[in-house]
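Below is one structure, written out as structure tokens; comments come after it.
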Amino acid sequence: MVKTKKRKTSATKQGSKDNQSASRAEMIRNLGNKVKAKAQDNKNAKILSVLKDKHREEIIESALIKYYNSEELKPYQAELIKMQKHLEWAGKKMIILFDGRDASGKGGTIRRVTRYMNEKHYRVVALGKPSKIQKSELHIKRYIEQFPHAGEIVLFDRSWYNRAMVEPVMGFCSREQYKRFLKKVNSYEENFILDAGKTILLKLYFSVSKEEQARRFERRKNDPLRHWKLSEVDLQAQELWDEFTEKKRVLLQKTHTKSSKWWVIRSDDKHLARRETMKLILNSVKYRGKSRSLDFNMDPDIVIPGDRELKKMTSEQKKFGTALR
């Protein structure tokens, strides 16, 4: 059973953050001094002479944070390899859905999850627009065609739940198609996926705040290396924020079940979202050789069961007239 750890008090959290900040600042200063000491050649000396102390510390801090974040994920990435081997040995199948708003960190998390996995035993599926023939068929059919075989993991970068979120908001499906999907999807999952325990299904909804989404969109607009990520939906996502929020509420209300739960991942902090997603995936499988020293307890402020998120959204709707995210 997947469980989240007990909440820390705000005072404990703040104290922990202050200690981490102080330690990080000390490491930055020490590393900066080492850089100065090793700057023997003209090139390094020239760079250091141009950079002001503040800029030098910012660069070092950025590199340091990136390095430590990467190192913190590695033990969990090693565990994912063990889990993958176990699924292959046991002949089990695993399907992980990565759904949520645009710019919520789905793709980046998928890349970290699969980075060291055996490519022969996993696939990332990101389906484009359906063809004319596919539009005339059962909506979920083209996703079923991508389901894993025994010993394989398939990660869907957006899933059949597009029909419950993006499509109705953007007018890509009719109201009747939307309502029919919500009525049938639970039975689809029971019949096609939850086959006597042979298939493990994880449904993840990445939840980003409106402010953070706007910041990420702005970066995509201004960064030529990220500009390709901008889509038709992206350009309207902020204006249609409340519509997407309402579809999320209905999604959780109708499709979070005891046998097929949703897990909401708070993703404003990309690193925490990636780390906690790995823990969630690892906790969903009993596999051989699981580390006894690694912390697998999930942060309840990052990983939230769908029913708890729904209660929070309902409370916000009564108080503010709409849920906040």
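Starting from 1 in every chain, residues are counted up; chains themselves are A, B, ... following the order of the structure tokens, and ligands are numbered from 1 as listed.
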
Enumerate as a ChimeraX atom specification all residues of stretch 104-288 of chain A assigned to strand (DSSP E) by DSSP on the backbone, naming them with the chain letters and numbers the document uses.
-> /A:122-125,153-157,199-207,262-266

Take the residues from that selection and put them in a file with N, CA, C and O atoms, as a PDB file, in the first residue's frame.
```
ATOM      1  N   TYR A 122      11.199  -0.675 -21.526  1.00  0.00           N
ATOM      2  CA  TYR A 122      10.255   0.406 -21.270  1.00  0.00           C
ATOM      3  C   TYR A 122      10.026   1.193 -22.557  1.00  0.00           C
ATOM      4  O   TYR A 122      10.851   1.194 -23.461  1.00  0.00           O
ATOM      5  N   ARG A 123       8.875   1.874 -22.624  1.00  0.00           N
ATOM      6  CA  ARG A 123       8.574   2.756 -23.743  1.00  0.00           C
ATOM      7  C   ARG A 123       7.887   4.013 -23.223  1.00  0.00           C
ATOM      8  O   ARG A 123       7.100   3.949 -22.285  1.00  0.00           O
ATOM      9  N   VAL A 124       8.218   5.143 -23.831  1.00  0.00           N
ATOM     10  CA  VAL A 124       7.506   6.392 -23.551  1.00  0.00           C
ATOM     11  C   VAL A 124       6.588   6.648 -24.732  1.00  0.00           C
ATOM     12  O   VAL A 124       7.035   6.677 -25.881  1.00  0.00           O
ATOM     13  N   VAL A 125       5.302   6.808 -24.455  1.00  0.00           N
ATOM     14  CA  VAL A 125       4.304   6.994 -25.512  1.00  0.00           C
ATOM     15  C   VAL A 125       3.689   8.388 -25.399  1.00  0.00           C
ATOM     16  O   VAL A 125       3.114   8.732 -24.362  1.00  0.00           O
ATOM     17  N   ILE A 153       7.410  -1.701 -19.032  1.00  0.00           N
ATOM     18  CA  ILE A 153       6.794  -0.504 -18.466  1.00  0.00           C
ATOM     19  C   ILE A 153       6.482   0.455 -19.611  1.00  0.00           C
ATOM     20  O   ILE A 153       7.340   0.703 -20.458  1.00  0.00           O
ATOM     21  N   VAL A 154       5.272   0.993 -19.633  1.00  0.00           N
ATOM     22  CA  VAL A 154       4.917   2.019 -20.616  1.00  0.00           C
ATOM     23  C   VAL A 154       4.521   3.279 -19.863  1.00  0.00           C
ATOM     24  O   VAL A 154       3.676   3.239 -18.960  1.00  0.00           O
ATOM     25  N   LEU A 155       5.158   4.380 -20.218  1.00  0.00           N
ATOM     26  CA  LEU A 155       4.871   5.674 -19.600  1.00  0.00           C
ATOM     27  C   LEU A 155       4.168   6.548 -20.632  1.00  0.00           C
ATOM     28  O   LEU A 155       4.734   6.843 -21.689  1.00  0.00           O
ATOM     29  N   PHE A 156       2.939   6.937 -20.350  1.00  0.00           N
ATOM     30  CA  PHE A 156       2.162   7.778 -21.262  1.00  0.00           C
ATOM     31  C   PHE A 156       2.360   9.247 -20.917  1.00  0.00           C
ATOM     32  O   PHE A 156       1.993   9.683 -19.819  1.00  0.00           O
ATOM     33  N   ASP A 157       2.949   9.996 -21.843  1.00  0.00           N
ATOM     34  CA  ASP A 157       3.063  11.444 -21.700  1.00  0.00           C
ATOM     35  C   ASP A 157       1.772  12.036 -22.237  1.00  0.00           C
ATOM     36  O   ASP A 157       1.651  12.341 -23.411  1.00  0.00           O
ATOM     37  N   THR A 199      -1.221  -6.344 -14.204  1.00  0.00           N
ATOM     38  CA  THR A 199      -0.875  -4.998 -14.664  1.00  0.00           C
ATOM     39  C   THR A 199      -0.994  -4.005 -13.516  1.00  0.00           C
ATOM     40  O   THR A 199      -2.005  -3.968 -12.825  1.00  0.00           O
ATOM     41  N   ILE A 200       0.041  -3.218 -13.343  1.00  0.00           N
ATOM     42  CA  ILE A 200       0.046  -2.157 -12.332  1.00  0.00           C
ATOM     43  C   ILE A 200      -0.231  -0.844 -13.047  1.00  0.00           C
ATOM     44  O   ILE A 200       0.455  -0.487 -14.000  1.00  0.00           O
ATOM     45  N   LEU A 201      -1.268  -0.126 -12.605  1.00  0.00           N
ATOM     46  CA  LEU A 201      -1.622   1.156 -13.204  1.00  0.00           C
ATOM     47  C   LEU A 201      -1.408   2.273 -12.193  1.00  0.00           C
ATOM     48  O   LEU A 201      -1.927   2.218 -11.080  1.00  0.00           O
ATOM     49  N   LEU A 202      -0.638   3.275 -12.582  1.00  0.00           N
ATOM     50  CA  LEU A 202      -0.431   4.465 -11.764  1.00  0.00           C
ATOM     51  C   LEU A 202      -0.920   5.677 -12.541  1.00  0.00           C
ATOM     52  O   LEU A 202      -0.455   5.931 -13.655  1.00  0.00           O
ATOM     53  N   LYS A 203      -1.837   6.429 -11.952  1.00  0.00           N
ATOM     54  CA  LYS A 203      -2.376   7.625 -12.604  1.00  0.00           C
ATOM     55  C   LYS A 203      -1.856   8.864 -11.872  1.00  0.00           C
ATOM     56  O   LYS A 203      -2.219   9.089 -10.715  1.00  0.00           O
ATOM     57  N   LEU A 204      -1.024   9.640 -12.545  1.00  0.00           N
ATOM     58  CA  LEU A 204      -0.404  10.812 -11.935  1.00  0.00           C
ATOM     59  C   LEU A 204      -0.909  12.090 -12.597  1.00  0.00           C
ATOM     60  O   LEU A 204      -0.900  12.200 -13.824  1.00  0.00           O
ATOM     61  N   TYR A 205      -1.323  13.028 -11.768  1.00  0.00           N
ATOM     62  CA  TYR A 205      -1.755  14.337 -12.268  1.00  0.00           C
ATOM     63  C   TYR A 205      -0.789  15.383 -11.721  1.00  0.00           C
ATOM     64  O   TYR A 205      -0.710  15.597 -10.507  1.00  0.00           O
ATOM     65  N   PHE A 206      -0.041  16.038 -12.625  1.00  0.00           N
ATOM     66  CA  PHE A 206       0.934  17.042 -12.225  1.00  0.00           C
ATOM     67  C   PHE A 206       0.251  18.402 -12.103  1.00  0.00           C
ATOM     68  O   PHE A 206      -0.332  18.906 -13.068  1.00  0.00           O
ATOM     69  N   SER A 207       0.335  18.964 -10.910  1.00  0.00           N
ATOM     70  CA  SER A 207      -0.397  20.185 -10.577  1.00  0.00           C
ATOM     71  C   SER A 207       0.566  21.354 -10.373  1.00  0.00           C
ATOM     72  O   SER A 207       1.328  21.379  -9.409  1.00  0.00           O
ATOM     73  N   TRP A 262      -6.057   8.238  -8.391  1.00  0.00           N
ATOM     74  CA  TRP A 262      -5.225   9.323  -8.904  1.00  0.00           C
ATOM     75  C   TRP A 262      -4.280   9.778  -7.798  1.00  0.00           C
ATOM     76  O   TRP A 262      -4.641   9.796  -6.618  1.00  0.00           O
ATOM     77  N   TRP A 263      -3.069  10.163  -8.208  1.00  0.00           N
ATOM     78  CA  TRP A 263      -2.117  10.788  -7.303  1.00  0.00           C
ATOM     79  C   TRP A 263      -1.755  12.152  -7.885  1.00  0.00           C
ATOM     80  O   TRP A 263      -1.304  12.244  -9.024  1.00  0.00           O
ATOM     81  N   VAL A 264      -1.994  13.197  -7.118  1.00  0.00           N
ATOM     82  CA  VAL A 264      -1.695  14.558  -7.560  1.00  0.00           C
ATOM     83  C   VAL A 264      -0.288  14.925  -7.097  1.00  0.00           C
ATOM     84  O   VAL A 264       0.043  14.779  -5.913  1.00  0.00           O
ATOM     85  N   ILE A 265       0.543  15.374  -8.040  1.00  0.00           N
ATOM     86  CA  ILE A 265       1.928  15.745  -7.756  1.00  0.00           C
ATOM     87  C   ILE A 265       2.069  17.263  -7.835  1.00  0.00           C
ATOM     88  O   ILE A 265       1.913  17.853  -8.909  1.00  0.00           O
ATOM     89  N   ARG A 266       2.333  17.915  -6.713  1.00  0.00           N
ATOM     90  CA  ARG A 266       2.604  19.353  -6.721  1.00  0.00           C
ATOM     91  C   ARG A 266       3.961  19.580  -7.399  1.00  0.00           C
ATOM     92  O   ARG A 266       4.980  19.072  -6.929  1.00  0.00           O
TER      93      ARG A 266
END
```

Counting only C-alpha atoms, which residues of stretch 143-240 of chain A sit at most 8 Å from some atom of stretch 76-88 of chain A, and what is each one's closest atom pair with its distance in Å to one decimal, listed by chain and rising residue number, as a tab-separated table?
```
residue	atom	partner	partner_atom	distance
A:Ala150	CA	A:Glu88	CA	6.9
A:Gly151	CA	A:Glu88	CA	3.6
A:Glu152	CA	A:Glu88	CA	6.6
A:Ile153	CA	A:Gln84	CA	7.7
```

Requested write-out: N, CA, C and O atoms of the selected residues, as an mmCIF file, in the first residue's frame:
```cif
data_model
loop_
_atom_site.group_PDB
_atom_site.id
_atom_site.type_symbol
_atom_site.label_atom_id
_atom_site.label_comp_id
_atom_site.auth_asym_id
_atom_site.auth_seq_id
_atom_site.Cartn_x
_atom_site.Cartn_y
_atom_site.Cartn_z
ATOM 1 N N ALA A 150 4.379 -8.440 -21.165
ATOM 2 C CA ALA A 150 4.890 -8.913 -19.881
ATOM 3 C C ALA A 150 6.328 -8.433 -19.669
ATOM 4 O O ALA A 150 7.168 -8.531 -20.564
ATOM 5 N N GLY A 151 6.592 -7.899 -18.492
ATOM 6 C CA GLY A 151 7.936 -7.441 -18.157
ATOM 7 C C GLY A 151 8.285 -6.059 -18.662
ATOM 8 O O GLY A 151 9.436 -5.628 -18.588
ATOM 9 N N GLU A 152 7.298 -5.322 -19.152
ATOM 10 C CA GLU A 152 7.558 -4.005 -19.748
ATOM 11 C C GLU A 152 6.823 -2.900 -18.995
ATOM 12 O O GLU A 152 5.767 -3.117 -18.409
ATOM 13 N N ILE A 153 7.410 -1.701 -19.032
ATOM 14 C CA ILE A 153 6.794 -0.504 -18.466
ATOM 15 C C ILE A 153 6.482 0.455 -19.611
ATOM 16 O O ILE A 153 7.340 0.703 -20.458
#
```

Within 7 Å of stretch 267-283 of chain A, counting only C-alpha atoms, which residues qualify if same-chain residues fewer than 2 places away don't, as a list in words?
-> Val2, Asn69, Leu73, Tyr76, Leu80, Ser104, Gly105, Thr109, Val113, Phe206, Ser207, Val208, Ser209, Glu212, Ile265, Val285, Phe296, Met298, Asp299, Ile302 and Val303 of chain A

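Residues with any atom within 10 Å of stretch 171-176 of chain A, counting only C-alpha atoms and excluding same-chain neighbours fewer than 4 positions away, are Lys129, Lys135, Asn162, Arg163, Ala164, Val166, Glu167, Arg180 and Phe181 of chain A.
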
Keeping only N, CA and C atoms, write the selected residues as an mmCIF file, in the first residue's frame.
```
data_model
loop_
_atom_site.group_PDB
_atom_site.id
_atom_site.type_symbol
_atom_site.label_atom_id
_atom_site.label_comp_id
_atom_site.auth_asym_id
_atom_site.auth_seq_id
_atom_site.Cartn_x
_atom_site.Cartn_y
_atom_site.Cartn_z
ATOM 1 N N LYS A 129 -2.207 13.969 -32.603
ATOM 2 C CA LYS A 129 -3.628 14.073 -32.931
ATOM 3 C C LYS A 129 -4.088 12.784 -33.609
ATOM 4 N N LYS A 135 -10.401 8.643 -35.165
ATOM 5 C CA LYS A 135 -11.516 9.425 -34.627
ATOM 6 C C LYS A 135 -12.836 8.663 -34.711
ATOM 7 N N ASN A 162 -6.937 12.712 -21.836
ATOM 8 C CA ASN A 162 -7.068 13.942 -22.629
ATOM 9 C C ASN A 162 -8.547 14.231 -22.920
ATOM 10 N N ARG A 163 -9.309 13.153 -23.073
ATOM 11 C CA ARG A 163 -10.737 13.275 -23.364
ATOM 12 C C ARG A 163 -11.497 13.910 -22.193
ATOM 13 N N ALA A 164 -10.906 13.870 -21.003
ATOM 14 C CA ALA A 164 -11.576 14.447 -19.826
ATOM 15 C C ALA A 164 -11.041 15.827 -19.463
ATOM 16 N N VAL A 166 -8.145 18.265 -21.754
ATOM 17 C CA VAL A 166 -7.802 19.172 -22.850
ATOM 18 C C VAL A 166 -8.894 19.215 -23.919
ATOM 19 N N GLU A 167 -9.372 18.053 -24.327
ATOM 20 C CA GLU A 167 -10.316 17.991 -25.448
ATOM 21 C C GLU A 167 -11.619 18.753 -25.197
ATOM 22 N N ARG A 180 -19.761 10.571 -22.230
ATOM 23 C CA ARG A 180 -19.702 9.125 -22.448
ATOM 24 C C ARG A 180 -18.383 8.548 -21.942
ATOM 25 N N PHE A 181 -17.287 9.296 -22.154
ATOM 26 C CA PHE A 181 -15.976 8.842 -21.687
ATOM 27 C C PHE A 181 -15.966 8.712 -20.163
#
```

Please give the complete set of residues from stretch 92-310 of chain A that DSSP, run on the backbone, assigns to alpha helix (DSSP H), formatted as an MDAnalysis selection string.
-> chainID A and resid 106:114 132:135 141:144 166:170 175:192 210:222 232:237 241:255 270:283 306:310

Between A:Pro130, A:Lys290, A:Lys247, A:Met170, which has the minimum distance to A:Asp234 (counting only C-alpha atoms)?
->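 Going through A:Pro130, A:Lys290, A:Lys247, A:Met170 one by one, the smallest distance to A:Asp234 is for A:Met170.
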
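Using only C-alpha atoms, the shortest contact distance between A:Asp195 and any of A:Ser259, A:Gln146, A:Thr245, A:Ser159 is found at A:Ser259.
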
How far is it from atom CA of A:His139 to atom CA of A:Arg325, in Å with one decimal?
-> 27.0 Å

Residue nearest A:Asn191 - candidates A:Lys221, A:Ile144, A:Ser131, A:Arg249, atoms counted: only C-alpha atoms = A:Ile144

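Closest to A:Met117 among A:Lys74, A:Arg308, A:Arg216, A:Lys261 is A:Lys74, based on only C-alpha atoms.
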
So which residues touch A:Lys184 within 10 Å, counting only C-alpha atoms, skipping near sequence neighbours fewer than 5 positions away, as an NGL selection string?
-> :A and (179 or 189 or 255)

Just to be explicit: take each residue in the selection above, keep all heavy atoms, and write the result as a PDB file, in the first residue's frame.
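File produced: selection-v1.pdb:
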```
ATOM      1  N   LYS A 179     -19.003  13.224 -21.876  1.00  0.00           N
ATOM      2  CA  LYS A 179     -19.830  12.587 -20.862  1.00  0.00           C
ATOM      3  C   LYS A 179     -19.785  11.064 -20.985  1.00  0.00           C
ATOM      4  O   LYS A 179     -19.742  10.347 -19.982  1.00  0.00           O
ATOM      5  CB  LYS A 179     -21.270  13.093 -20.987  1.00  0.00           C
ATOM      6  CG  LYS A 179     -21.433  14.563 -20.608  1.00  0.00           C
ATOM      7  CD  LYS A 179     -22.832  15.073 -20.887  1.00  0.00           C
ATOM      8  CE  LYS A 179     -23.838  14.491 -19.942  1.00  0.00           C
ATOM      9  NZ  LYS A 179     -25.189  15.108 -20.135  1.00  0.00           N
ATOM     10  N   GLU A 189     -10.922   0.529 -17.569  1.00  0.00           N
ATOM     11  CA  GLU A 189      -9.718   0.234 -16.795  1.00  0.00           C
ATOM     12  C   GLU A 189      -9.842  -1.082 -16.045  1.00  0.00           C
ATOM     13  O   GLU A 189      -8.875  -1.836 -15.926  1.00  0.00           O
ATOM     14  CB  GLU A 189      -9.421   1.391 -15.835  1.00  0.00           C
ATOM     15  CG  GLU A 189      -8.970   2.644 -16.581  1.00  0.00           C
ATOM     16  CD  GLU A 189      -8.789   3.870 -15.713  1.00  0.00           C
ATOM     17  OE1 GLU A 189      -9.043   3.779 -14.492  1.00  0.00           O
ATOM     18  OE2 GLU A 189      -8.400   4.919 -16.258  1.00  0.00           O
ATOM     19  N   THR A 255     -13.380   9.655 -11.618  1.00  0.00           N
ATOM     20  CA  THR A 255     -12.460   8.584 -12.030  1.00  0.00           C
ATOM     21  C   THR A 255     -11.421   8.195 -10.987  1.00  0.00           C
ATOM     22  O   THR A 255     -10.553   7.371 -11.271  1.00  0.00           O
ATOM     23  CB  THR A 255     -11.741   8.965 -13.340  1.00  0.00           C
ATOM     24  OG1 THR A 255     -10.855  10.079 -13.102  1.00  0.00           O
ATOM     25  CG2 THR A 255     -12.730   9.323 -14.426  1.00  0.00           C
TER      26      THR A 255
END
```

One decimal, Å: what's the distance from atom CA of A:Tyr68 over to atom CA of A:Thr114, could you say?
->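 Going from atom CA of A:Tyr68 over to atom CA of A:Thr114 covers 18.9 Å.
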
Which one of A:Trp89, A:Phe147, A:Trp160, A:Tyr178 sits closest to A:Arg288 if you count only C-alpha atoms?
-> A:Trp89

The residue from A:Glu246, A:Asn297, A:Glu190, A:Gly108 with the smallest atom-to-atom distance to A:Glu316, counting only C-alpha atoms, is A:Glu246

What does the distance from atom CA of A:Gln177 to atom CA of A:Leu251 come to in Å, to one decimal?
->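 Atom CA of A:Leu251 lies at a distance of 14.4 Å from atom CA of A:Gln177.
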